[in-house]
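The file data.txt comes next; it holds compact mmCIF, C-alpha atoms and all ligand atoms.
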```txt
# COMPACT_ATOMS: atom_id res chain seq x y z
CA MET A 10 147.17 120.72 156.91
CA LYS A 11 144.75 123.58 157.02
CA TYR A 12 145.51 125.30 153.70
CA ASN A 13 146.19 123.83 150.25
CA ILE A 14 149.50 125.42 149.37
CA GLY A 15 151.76 124.26 146.60
CA PHE A 16 153.92 125.45 143.76
CA HIS A 17 154.69 124.86 140.13
CA VAL A 18 156.69 121.63 140.18
CA PRO A 19 159.18 120.64 137.48
CA ALA A 20 157.71 117.71 135.56
CA ALA A 21 161.01 115.86 135.07
CA GLY A 22 160.79 112.13 135.73
CA GLY A 23 157.04 111.85 135.26
CA TYR A 24 153.89 112.04 137.38
CA ALA A 25 154.90 110.06 140.49
CA ALA A 26 158.23 111.88 140.71
CA MET A 27 156.39 115.21 140.58
CA VAL A 28 154.07 114.26 143.43
CA ASP A 29 157.03 113.23 145.61
CA ARG A 30 158.87 116.44 144.73
CA ALA A 31 155.86 118.54 145.78
CA ALA A 32 155.34 116.62 149.03
CA ALA A 33 159.04 116.83 149.91
CA ALA A 34 158.79 120.62 149.82
CA GLY A 35 155.80 120.63 152.18
CA ALA A 36 153.19 121.17 149.47
CA ASN A 37 149.76 119.52 149.62
CA THR A 38 148.83 120.60 146.11
CA PHE A 39 150.90 121.48 143.05
CA GLN A 40 150.85 122.51 139.41
CA TYR A 41 152.81 121.09 136.49
CA PHE A 42 153.15 121.72 132.76
CA THR A 43 151.40 119.09 130.67
CA ARG A 44 154.13 119.46 128.02
CA ASN A 45 157.09 121.69 127.20
CA PRO A 46 155.69 125.18 127.95
CA ARG A 47 157.46 126.89 125.06
CA GLY A 48 157.75 124.14 122.47
CA GLY A 49 154.86 121.80 123.13
CA ALA A 50 156.79 118.52 123.05
CA VAL A 51 155.30 115.87 125.33
CA ARG A 52 156.65 112.71 126.94
CA ALA A 53 155.06 109.38 126.04
CA HIS A 54 152.06 108.64 128.24
CA ASP A 55 152.79 106.15 131.02
CA GLU A 56 149.56 104.88 132.57
CA ALA A 57 151.31 102.96 135.37
CA ASP A 58 153.17 106.13 136.36
CA MET A 59 149.91 108.09 136.43
CA GLN A 60 148.26 105.46 138.63
CA ALA A 61 151.28 105.54 140.96
CA ALA A 62 150.88 109.33 141.16
CA ASN A 63 147.17 108.94 141.99
CA ARG A 64 148.04 106.54 144.83
CA LYS A 65 150.71 108.87 146.19
CA MET A 66 148.37 111.88 146.08
CA ARG A 67 145.85 109.92 148.14
CA GLU A 68 148.56 108.86 150.61
CA TYR A 69 149.77 112.44 151.02
CA GLY A 70 146.20 113.69 151.37
CA MET A 71 146.43 115.96 148.34
CA GLY A 72 143.19 117.32 146.94
CA ASN A 73 142.83 119.13 143.64
CA ILE A 74 145.93 119.87 141.58
CA VAL A 75 146.46 121.98 138.45
CA ALA A 76 147.76 120.89 135.05
CA HIS A 77 148.94 123.94 133.10
CA ALA A 78 148.74 124.10 129.30
CA PRO A 79 151.84 125.23 127.37
CA TYR A 80 152.23 128.97 126.69
CA THR A 81 152.37 128.24 122.98
CA LEU A 82 148.76 127.02 123.02
CA ASN A 83 146.72 129.91 121.59
CA PRO A 84 143.08 128.83 121.19
CA CYS A 85 142.18 131.91 119.16
CA ALA A 86 145.26 132.10 116.94
CA ALA A 87 144.86 133.65 113.50
CA GLU A 88 147.63 131.58 111.93
CA GLU A 89 146.50 128.13 110.79
CA ASN A 90 149.42 126.08 112.08
CA THR A 91 149.32 127.76 115.49
CA LEU A 92 145.62 127.01 115.75
CA LYS A 93 146.17 123.42 114.61
CA PHE A 94 148.75 122.94 117.35
CA ALA A 95 146.30 124.37 119.91
CA TYR A 96 143.60 121.87 118.91
CA MET A 97 146.00 118.94 118.86
CA ALA A 98 147.73 119.75 122.18
CA PHE A 99 144.51 120.58 124.04
CA LYS A 100 142.69 117.41 122.93
CA ASP A 101 145.70 115.25 123.71
CA ASP A 102 146.14 116.88 127.14
CA LEU A 103 142.46 116.37 127.97
CA ALA A 104 142.65 112.72 126.95
CA ARG A 105 145.55 112.15 129.34
CA ILE A 106 144.21 114.15 132.26
CA GLN A 107 141.07 112.03 132.52
CA GLY A 108 143.26 109.47 134.29
CA MET A 109 143.73 111.95 137.17
CA PRO A 110 140.26 112.87 138.48
CA ASN A 111 141.58 115.57 140.85
CA ALA A 112 143.52 117.43 138.13
CA MET A 113 142.08 120.65 136.73
CA TYR A 114 143.31 121.83 133.35
CA ASN A 115 144.37 125.49 133.32
CA LEU A 116 144.90 127.44 130.13
CA HIS A 117 145.51 131.04 129.14
CA PRO A 118 142.53 132.32 127.17
CA GLY A 119 144.88 133.28 124.34
CA CYS A 120 145.84 136.31 122.27
CA HIS A 121 143.56 137.68 119.58
CA VAL A 122 146.59 138.94 117.61
CA GLY A 123 144.78 141.75 115.84
CA GLN A 124 141.49 139.94 115.21
CA GLY A 125 139.84 141.95 117.98
CA ILE A 126 138.61 141.01 121.44
CA GLU A 127 135.16 139.95 120.29
CA ARG A 128 136.41 137.62 117.55
CA GLY A 129 139.05 136.25 119.95
CA LEU A 130 136.45 135.40 122.57
CA GLU A 131 134.19 133.78 119.95
CA LYS A 132 137.07 131.63 118.73
CA LEU A 133 137.93 130.64 122.30
CA ALA A 134 134.35 129.56 123.03
CA ALA A 135 134.20 127.61 119.75
CA PHE A 136 137.54 125.96 120.58
CA LEU A 137 136.29 124.80 123.98
CA ASN A 138 133.03 123.53 122.46
CA ASP A 139 134.88 121.66 119.71
CA CYS A 140 137.52 120.09 121.95
CA ILE A 141 135.93 119.24 125.29
CA PRO A 142 134.31 115.84 124.83
CA ASP A 143 130.78 115.15 126.06
CA GLY A 144 130.87 113.70 129.55
CA PHE A 145 134.35 115.09 130.29
CA GLN A 146 134.53 115.26 134.07
CA ASN A 147 137.65 117.28 134.93
CA TRP A 148 137.40 121.04 135.23
CA VAL A 149 138.89 123.26 132.54
CA LEU A 150 140.04 126.59 133.98
CA LEU A 151 140.53 129.88 132.19
CA GLU A 152 143.26 131.91 133.84
CA THR A 153 142.76 135.60 134.60
CA MET A 154 145.40 137.49 132.60
CA ALA A 155 147.25 140.81 132.84
CA GLY A 156 145.87 141.96 129.48
CA LYS A 157 149.34 142.41 127.99
CA GLY A 158 149.26 143.13 124.26
CA SER A 159 146.31 141.34 122.65
CA GLU A 160 145.91 138.92 125.57
CA LEU A 161 142.32 137.95 126.40
CA GLY A 162 141.10 137.37 129.95
CA GLY A 163 142.18 140.70 131.42
CA THR A 164 138.66 141.39 132.69
CA PHE A 165 136.16 139.22 134.55
CA ASP A 166 133.55 140.21 131.95
CA GLN A 167 135.52 138.56 129.13
CA LEU A 168 135.80 135.29 131.05
CA LYS A 169 132.12 135.41 131.91
CA TRP A 170 131.21 135.83 128.24
CA VAL A 171 133.17 132.72 127.31
CA ILE A 172 131.71 130.67 130.17
CA ASP A 173 128.22 131.70 129.08
CA ASN A 174 128.96 130.55 125.55
CA VAL A 175 130.24 127.04 126.21
CA LYS A 176 127.82 124.17 125.80
CA PRO A 177 125.84 123.15 128.88
CA GLY A 178 127.28 120.38 131.02
CA VAL A 179 130.88 121.37 130.39
CA ASN A 180 132.90 122.23 133.50
CA VAL A 181 134.61 125.51 132.66
CA GLY A 182 135.77 127.61 135.61
CA VAL A 183 138.41 130.19 136.48
CA CYS A 184 141.88 130.25 138.00
CA LEU A 185 142.62 133.64 139.56
CA ASP A 186 146.25 134.79 139.30
CA THR A 187 146.95 137.53 141.86
CA CYS A 188 149.80 139.08 139.83
CA HIS A 189 147.75 139.06 136.64
CA VAL A 190 144.59 140.60 138.09
CA PHE A 191 146.68 143.28 139.86
CA ASP A 192 148.46 144.11 136.61
CA ALA A 193 145.07 144.16 134.89
CA GLY A 194 143.86 146.81 137.36
CA TYR A 195 142.06 144.89 140.13
CA ASP A 196 143.45 145.89 143.53
CA ILE A 197 144.15 142.49 145.05
CA ARG A 198 145.46 144.22 148.20
CA ASN A 199 141.78 144.36 149.06
CA ILE A 200 140.90 140.73 148.37
CA GLY A 201 137.39 141.12 149.78
CA ALA A 202 136.46 143.75 147.20
CA VAL A 203 137.99 141.79 144.31
CA LEU A 204 136.07 138.67 145.32
CA ASP A 205 132.84 140.66 145.60
CA GLU A 206 133.41 141.85 142.04
CA PHE A 207 134.29 138.31 140.87
CA ASP A 208 131.14 137.01 142.50
CA ARG A 209 128.99 139.72 140.94
CA VAL A 210 130.35 139.13 137.40
CA ILE A 211 131.22 135.41 137.25
CA GLY A 212 130.07 133.78 140.48
CA LEU A 213 132.42 132.46 143.17
CA ASP A 214 131.26 128.88 142.62
CA LEU A 215 133.28 128.97 139.38
CA LEU A 216 136.52 130.03 141.06
CA LYS A 217 138.50 126.79 141.31
CA ALA A 218 142.17 127.67 141.87
CA VAL A 219 144.42 130.59 142.78
CA HIS A 220 147.91 131.43 141.54
CA ILE A 221 149.66 133.40 144.28
CA ASN A 222 152.36 135.66 142.88
CA ASP A 223 153.52 139.15 143.76
CA SER A 224 154.00 141.58 140.86
CA GLN A 225 157.14 143.45 139.83
CA ASN A 226 154.94 146.19 138.38
CA SER A 227 152.32 148.59 139.63
CA ILE A 228 148.56 148.09 139.52
CA GLY A 229 147.15 148.37 136.01
CA SER A 230 150.59 148.03 134.36
CA ARG A 231 149.49 145.10 132.13
CA LYS A 232 153.00 143.68 132.33
CA ASP A 233 152.82 140.16 133.89
CA ARG A 234 156.17 139.93 135.67
CA HIS A 235 155.92 137.77 138.80
CA ALA A 236 157.76 138.58 142.03
CA CYS A 237 158.27 136.60 145.24
CA LEU A 238 155.57 137.16 147.87
CA GLY A 239 156.28 140.47 149.61
CA GLY A 240 159.01 141.28 147.10
CA GLY A 241 156.80 143.20 144.69
CA GLU A 242 154.17 145.89 144.47
CA ILE A 243 151.45 143.84 146.19
CA GLY A 244 153.39 143.26 149.42
CA TRP A 245 153.31 140.44 151.97
CA GLN A 246 150.11 140.84 154.02
CA PRO A 247 147.69 140.57 151.07
CA PHE A 248 148.90 137.00 150.47
CA VAL A 249 148.10 136.01 154.05
CA ASP A 250 144.70 137.62 153.47
CA VAL A 251 144.21 135.65 150.23
CA VAL A 252 145.15 132.28 151.70
CA THR A 253 143.09 132.76 154.87
CA GLU A 254 140.08 134.34 153.11
CA PRO A 255 137.18 132.04 154.03
CA ARG A 256 135.79 132.16 150.47
CA LEU A 257 139.12 130.86 149.12
CA SER A 258 140.60 128.64 151.79
CA HIS A 259 139.29 125.40 150.21
CA LEU A 260 141.03 126.10 146.89
CA PRO A 261 144.49 125.03 145.70
CA MET A 262 146.90 127.98 146.10
CA ILE A 263 149.79 127.67 143.68
CA LEU A 264 153.01 129.68 143.91
CA GLU A 265 154.52 130.65 140.54
CA THR A 266 157.08 132.94 142.12
CA PRO A 267 160.66 133.24 140.82
CA THR A 268 161.97 131.16 143.74
CA GLU A 269 164.76 128.62 143.29
CA PHE A 270 163.59 125.04 143.67
CA GLU A 271 165.86 124.54 146.74
CA ASP A 272 164.09 127.41 148.49
CA ARG A 273 160.51 126.24 147.89
CA ALA A 274 160.21 124.31 151.15
CA GLU A 275 161.15 127.41 153.13
CA GLU A 276 158.83 129.64 151.11
CA ILE A 277 155.89 127.31 151.77
CA ARG A 278 156.79 126.86 155.45
CA ILE A 279 156.88 130.64 156.04
CA LEU A 280 153.58 131.24 154.22
CA ARG A 281 151.82 128.40 156.03
CA ALA A 282 153.10 129.58 159.42
CA ALA A 283 151.97 133.16 158.77
CA CYS A 284 148.51 132.00 157.65
CA GLU A 285 148.04 129.64 160.57
CA ASP A 286 149.06 132.36 163.08
CA ASN A 287 146.75 134.79 161.36
CA SER A 288 143.74 132.51 161.58
CA ALA A 289 144.56 131.52 165.19
CA CYS A 290 144.22 135.19 166.21
CA ALA A 291 141.19 135.89 164.04
FE FE A 301 149.52 130.69 133.63
FE FE A 302 149.49 132.10 136.62
ZN ZN A 303 152.05 135.30 134.72
```

Show this structure as structure tokens.
Ligand code: FE
Ligand code: FE
Ligand code: ZN
Amino acid sequence: MKYNIGFHVPAAGGYAAMVDRAAAAGANTFQYFTRNPRGGAVRAHDEADMQAANRKMREYGMGNIVAHAPYTLNPCAAEENTLKFAYMAFKDDLARIQGMPNAMYNLHPGCHVGQGIERGLEKLAAFLNDCIPDGFQNWVLLETMAGKGSELGGTFDQLKWVIDNVKPGVNVGVCLDTCHVFDAGYDIRNIGAVLDEFDRVIGLDLLKAVHINDSQNSIGSRKDRHACLGGGEIGWQPFVDVVTEPRLSHLPMILETPTEFEDRAEEIRILRAACEDNSACA
């Protein structure tokens, strides 16, 4: 399969079940939550299940996948217990993920909750430096955010600052969310220009995954409400442009659209077909 297209897969039943669920819907990559996204509870680690998942991913020819941190993980929280949870959950997630070499760990940069952007970014960099063990091989990805409220990561400059302030040898990259960057004010309908800007500020070699979502709101709205591809303010064609963009086509493209699970196979089939037609005529 020419493009790496997948979706956010329910984690029920464990790792191997997730891989089968993704493959059954025609995905050759996927994303999952490492633990309950709103609470943080986690299932007991099952090494045999993880190894079975690794075997299945090889059989299906899946490349890199994305493990998404819970929303409740705020690495720059002001409140002590919230910060404690962030440290605990992040370290525990990283320990587990080492058993899946092709998994990249994606987290939201966090909310500064009144401490200010600068202090928030400093705390995030310190958090990454404290928690990522020496020699850790998997990539850790900071997601581009809409900049809602006190959310960090709404500009490429903020992410660049953090990347520049993590200790050398640590693999920290970026996951670009099309809905989020659009809501933050980057016009993703012109993917070429957004990538030029990304390359100028951060460097395209650090772009490791893409979340493909349309947005319910207009450019610069800072809202973060996902829509199905073509069903929002971005429109359909830009997503074909994103997937087929030569600077992106090697990356995992993950749908986080509000599509029912039963309709995922069709959503992926339509997107793949449109992208393959597009590149055939190019
Ligand atoms: Fe996210
Ligand atoms: Fe996202
Ligand atoms: Zn979002």

Contacts to ligand FE 302 (chain A) at 8 Å cut-off (only C-alpha atoms and all ligand atoms) as a PyMOL selection string: chain A and resi 152-154+184-189+220-222+265

Please produce a file of those selected residues containing C-alpha atoms, as an mmCIF file, in the coordinates of the input.
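As a result, selection29.cif now contains:
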```
data_model
loop_
_atom_site.group_PDB
_atom_site.id
_atom_site.type_symbol
_atom_site.label_atom_id
_atom_site.label_comp_id
_atom_site.auth_asym_id
_atom_site.auth_seq_id
_atom_site.Cartn_x
_atom_site.Cartn_y
_atom_site.Cartn_z
ATOM 1 C CA GLU A 152 143.260 131.910 133.840
ATOM 2 C CA THR A 153 142.760 135.600 134.600
ATOM 3 C CA MET A 154 145.400 137.490 132.600
ATOM 4 C CA CYS A 184 141.880 130.250 138.000
ATOM 5 C CA LEU A 185 142.620 133.640 139.560
ATOM 6 C CA ASP A 186 146.250 134.790 139.300
ATOM 7 C CA THR A 187 146.950 137.530 141.860
ATOM 8 C CA CYS A 188 149.800 139.080 139.830
ATOM 9 C CA HIS A 189 147.750 139.060 136.640
ATOM 10 C CA HIS A 220 147.910 131.430 141.540
ATOM 11 C CA ILE A 221 149.660 133.400 144.280
ATOM 12 C CA ASN A 222 152.360 135.660 142.880
ATOM 13 C CA GLU A 265 154.520 130.650 140.540
#
```

Using only C-alpha atoms, determine which residues lie at most 7 Å from segment 241-248 of chain A, disregarding the query and same-chain residues fewer than 5 positions distant; provide the list as an mmCIF file with C-alpha atoms, in the frame of the given file.
```cif
data_model
loop_
_atom_site.group_PDB
_atom_site.id
_atom_site.type_symbol
_atom_site.label_atom_id
_atom_site.label_comp_id
_atom_site.auth_asym_id
_atom_site.auth_seq_id
_atom_site.Cartn_x
_atom_site.Cartn_y
_atom_site.Cartn_z
ATOM 1 C CA ARG A 198 145.460 144.220 148.200
ATOM 2 C CA ASP A 223 153.520 139.150 143.760
ATOM 3 C CA SER A 224 154.000 141.580 140.860
ATOM 4 C CA GLN A 225 157.140 143.450 139.830
ATOM 5 C CA ASN A 226 154.940 146.190 138.380
ATOM 6 C CA SER A 227 152.320 148.590 139.630
ATOM 7 C CA ALA A 236 157.760 138.580 142.030
#
```

Sort by chain and increasing residue number a table of all residues of chain A within 7 Å of ligand FE 301 (chain A), each with its closest pair of atoms and their distance in Å to one decimal, counting all atoms listed in the file, and write it as a Markdown table.
```
| residue | atom | partner | partner_atom | distance |
| --- | --- | --- | --- | --- |
| A:His77 | CA | A:FE301 | FE | 6.8 |
| A:Leu116 | CA | A:FE301 | FE | 6.6 |
| A:His117 | CA | A:FE301 | FE | 6.0 |
| A:Glu152 | CA | A:FE301 | FE | 6.4 |
```

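For the residues A:Arg67, A:Arg128, A:Arg281, A:Lys217, ranking by smallest atom-to-atom distance to Thr253 of chain A using only C-alpha atoms places A:Arg281 first.
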
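In this comparison, which uses all atoms listed in the file, the residue of A:Leu280, A:Ala155, A:Ala31, A:Ile200 approaching ligand ZN 303 (chain A) most closely is A:Ala155.
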
Atom CA of Val190 of chain A to atom CA of Ile106 of chain A, distance in Å rounded to a single decimal: 27.1 Å

For Ile228 of chain A: contacts at 6 Å, only C-alpha atoms, fewer than 2 positions along chain excluded, given as a list of chain:residue names: A:Phe191, A:Asp192, A:Gly194, A:Ser230

What box, with edges along x, y and z, holds each listed atom of segment 263-268 of chain A when 6 Å is added on every side, and can you state its centre and edge lengths in Å to one decimal, as JSON?
```
{"center_x": 155.9, "center_y": 130.5, "center_z": 142.2, "size_x": 24.2, "size_y": 17.6, "size_z": 15.4}
```

Non-local contacts of Ala36 of chain A (10 Å; all atoms listed in the file; under 5 positions in same chain excluded) as a ChimeraX atom specification: /A:10,12-16,18,28-31,69,71,262-263,273-274,277-278,281
